[in-house]
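Colleague: Quick one: this structure, given as structure tokens, is what I'll be asking you about.
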Amino acid sequence: MSAASRTAWPRRSSGVNLPPFQRVLDEHRDDVHRFLMATAGPNEADDAFQETFIAALRAYPRLRPDSNVRGWLLTIAHRKAIDAHRARGRRAVPVAEMDRGGAEDPGLRGAGEQPELWARVRALPEKQRAAVVLRYVADLSHAEAAEVIGCSEAAARRSLHEALTKLRKDETP
Amino acid sequence: MIPDDLERALARTAPDPDPEAAAAATRRAAERAGASGAADVAYAIEPSPLGDLLVATTQRGLVGIYYEDAGTLETLLDRLAGRLSPRVVEAPARVDPVRRELDEYFAGTRTKFDLPLDWSLTEGFTRRVLKATARIPYGGASTYREMASRAGSERAARAAGNALGANPIPIVVPCHRVLRTGGALGGYGGGVQRKRFLLELEDAKTR
């Protein structure tokens with residue numbers, strides 16, 4: 001660092017500043033994208049990611065510097081996934097049908113073994129779907145998942161339980 | 001709770017991260033944020049004959065140009081976030097007009113920059129000195145004393161030198177055109193060899 005560039009920046013009070021948004025995003029984009037792939041599906045993930053990015057950018061200056069940034073981003077992504085899901089519902093395209101693209105769905109590579117299982121996850125009611133994805137994709141605890149969904153820990157636990165029960169019941173032998 | 005087959009299947013077959021797709025989606029979103037004005041600061045790294053430049057713009061205009069040895073990208077972006085706004089994104093398309101004019105300048109085909117400037121990173125005497133500097137024409141030269149005088153304090157030649165060393169928009173605000181009384185090169189925030197390069201570039205084109 002040259003002397004000149006040091007003086008280029010009038011000093012500021014030593015309050016903790018938020019890092020540049022780009023860095024926060026670069027750090028968490030894989031997690032956010034993966035979460036959206038699982039919960040919104042490959043066809044909706046990109047749009048939901050764009051919406052998440054813009055909403056997070058707008059709200060970012062109000063974020064407390066000591067916040068759990070990953071949880072904050074997943075909370076926004078969760079809401080955008082719900083929006084995408086509802087929009088898709090209004091277009092009345094059966095979820096399972098859209099997702100059974102298999103080979104032509106590049107986004108399902110990771111779930112290659114069980115694309116139907118994840119299509120069924122995406123067909124679950126909102127809270128149950130979120131509980132499954134936050135647990136098995138984002139690897140969150142019940143407490144962390146509860147915070148993202150915006151419910152109590154007990155409710156998050158219950159949603160996951162209901163989801164697993166439903167997935168078991170639907171399972172074809 | 002002991003995981004059963006279903007739970008094991010969910011854990012094992014969860015979609016893998018796709019870093020390439022995530023990076024591409026991030027780039028698209030950042031460009032959109034830059035274009036729509038949702039980002040307060042857009043930046044890009046632009047190659048130049050003087051090394052890579054970090055170029056930063058705001059809604060108002062060009063706010064900063066940093067030589068690659070002015071600090072790590074991380075510290076420079078930290079400072080932009082602290083001084084201007086934490087809404088900082090990498091949006092090369094937003095920075096395109098600056099890149100185009102810099103390319104033309106280095107190719108010798110542009111003798112005047114036509115870019116709106118954002119002076120937010122300067123204040124007081126420094127800003128007045130830099131605004132006076134911005135009016136020195138291509139291929140021309142002035143002195144620290146002259147700049148001090150135009151900024152309102154004839155005797156503050158040394159302070160004018162400091163102000164020029166703190167120029168956040170070098171090249172475009174041509175602090176390289178300010179010399180010592182008598183013609184000696186003087187100092188330069190980006191190093192004297194860069195100052196010489198810029199003066200020789202302009203000299204060759206105006207001869």
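Chain identifiers are assigned as A, B, and so on, following the order in which chains appear in the structure tokens; residues are numbered from 1 within each chain, and ligands are numbered from 1 in order of appearance.
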Residues within 7 Å of Leu74 (chain A), please, as a list in words. Count only C-alpha atoms; anything in the same chain fewer than 3 positions from it doesn't count.

Modeller: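 Residues meeting the cut-off are Val32, Arg70, Gly71, Ala77, His78 and Val148 of chain A.
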
Colleague: What would the file look like if the residues just selected were written as a PDB file, in the first residue's frame with N, CA and C atoms?

Modeller:
```pdb
ATOM      1  N   VAL A  32     -26.697 -20.763  -1.469  1.00  0.00           N
ATOM      2  CA  VAL A  32     -28.006 -20.200  -1.812  1.00  0.00           C
ATOM      3  C   VAL A  32     -28.532 -20.851  -3.085  1.00  0.00           C
ATOM      4  N   ARG A  70     -25.379 -16.265   6.415  1.00  0.00           N
ATOM      5  CA  ARG A  70     -25.883 -17.406   5.649  1.00  0.00           C
ATOM      6  C   ARG A  70     -27.373 -17.624   5.953  1.00  0.00           C
ATOM      7  N   GLY A  71     -27.716 -17.568   7.253  1.00  0.00           N
ATOM      8  CA  GLY A  71     -29.105 -17.740   7.653  1.00  0.00           C
ATOM      9  C   GLY A  71     -29.989 -16.643   7.070  1.00  0.00           C
ATOM     10  N   ALA A  77     -33.977 -16.316   0.459  1.00  0.00           N
ATOM     11  CA  ALA A  77     -34.124 -17.310  -0.609  1.00  0.00           C
ATOM     12  C   ALA A  77     -35.379 -18.157  -0.379  1.00  0.00           C
ATOM     13  N   HIS A  78     -35.630 -18.507   0.885  1.00  0.00           N
ATOM     14  CA  HIS A  78     -36.820 -19.295   1.231  1.00  0.00           C
ATOM     15  C   HIS A  78     -38.090 -18.566   0.790  1.00  0.00           C
ATOM     16  N   VAL A 148     -35.185 -19.587   9.748  1.00  0.00           N
ATOM     17  CA  VAL A 148     -35.350 -19.307   8.322  1.00  0.00           C
ATOM     18  C   VAL A 148     -36.828 -19.336   7.924  1.00  0.00           C
TER      19      VAL A 148
END
```

Colleague: Can you pull out every residue from chain B that DSSP, working from the backbone, puts in helix (DSSP H, G or I), and format the result as a ChimeraX atom specification?

Modeller: /B:5-13,19-36,73-83,92-107,124-133,144-150,157-165,175-177,192-206

Colleague: Of the candidates B:Gly182, B:Gly61, B:Gly189, B:Pro19, which shows the shortest atom-to-atom distance to Ala141 (chain B), using only C-alpha atoms?

Modeller: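 Between B:Gly182, B:Gly61, B:Gly189, B:Pro19, the residue approaching Ala141 (chain B) most closely is B:Gly182.
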
Colleague: Identify, on the basis of only C-alpha atoms, every residue whose closest approach to region 162-164 of chain A does not exceed 12 Å; exclude the query and any residue fewer than 2 positions from it along the same chain; express the result as JSON, numbers by chain.

Modeller: {"A": [117, 120, 121, 122, 123, 124, 125, 126, 127, 128, 129, 130, 131, 132, 133, 135, 136, 155, 156, 157, 158, 159, 160, 166, 167, 168, 169, 170, 171], "B": [3, 4, 5, 6, 7, 8, 9, 10]}

Colleague: Could you please tell me, as a PyMOL selection string, which residues of chain B have an atom within 9 Å of chain A when using only C-alpha atoms?

Modeller: chain B and resi 6-7+9-23+25-26+28-30+32-33+38-39+66+69-72+74+77-83+85-90+121-123+162-168+188-191

Colleague: Need the shell around region 98-113 of chain B: protein/DNA/RNA residues with any atom at most 8 Å away, counting only C-alpha atoms. Skip same-chain ones fewer than 6 positions apart. Format as a ChimeraX atom specification?

Modeller: /B:46,48-49,55,62,137-138,172,201-202,205

Colleague: Report the distance between CA of Cys151 (chain A) and CA of Ala40 (chain A) in Å, rounded to one decimal place.

Modeller: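 According to the coordinates, CA of Cys151 (chain A) and CA of Ala40 (chain A) are separated by 20.1 Å.
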
Colleague: Please compute the CA of Asp40 (chain B)-CA of Thr58 (chain B) distance, one decimal, in Å.

Modeller: 5.6 Å

Colleague: Using DSSP secondary structure from the backbone, list all strand (DSSP E) positions within region 24-90 of chain B, as JSON, numbers by chain.

Modeller: {"B": [41, 42, 43, 44, 45, 46, 53, 54, 55, 56, 57, 62, 63, 64, 65, 66, 67, 88, 89, 90]}

Colleague: Quick one: write out the picked residues with C-alpha atoms as a short mmCIF file (atom, residue, chain, number, x, y, z; two decimals), in the first residue's frame?

Modeller:
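That gives us selection_32.cif:
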```cif
data_model
loop_
_atom_site.label_atom_id
_atom_site.label_comp_id
_atom_site.auth_asym_id
_atom_site.auth_seq_id
_atom_site.Cartn_x
_atom_site.Cartn_y
_atom_site.Cartn_z
CA VAL B 41 -21.11 1.08 -6.30
CA ALA B 42 -20.26 -0.98 -9.40
CA TYR B 43 -16.69 -2.05 -10.04
CA ALA B 44 -14.58 -3.95 -12.55
CA ILE B 45 -10.95 -4.81 -13.06
CA GLU B 46 -9.69 -3.32 -16.33
CA LEU B 53 -6.92 -0.95 -12.76
CA LEU B 54 -9.77 -1.24 -10.29
CA VAL B 55 -12.44 1.08 -11.68
CA ALA B 56 -15.41 2.05 -9.48
CA THR B 57 -18.52 4.00 -10.45
CA LEU B 62 -16.70 7.63 -12.01
CA VAL B 63 -15.65 7.68 -8.37
CA GLY B 64 -12.32 5.87 -8.23
CA ILE B 65 -9.46 4.34 -10.23
CA TYR B 66 -6.82 2.33 -8.37
CA TYR B 67 -3.54 0.95 -9.60
CA VAL B 88 -20.89 -2.85 -3.83
CA VAL B 89 -21.14 -5.29 -6.76
CA GLU B 90 -18.90 -6.38 -9.59
#
```
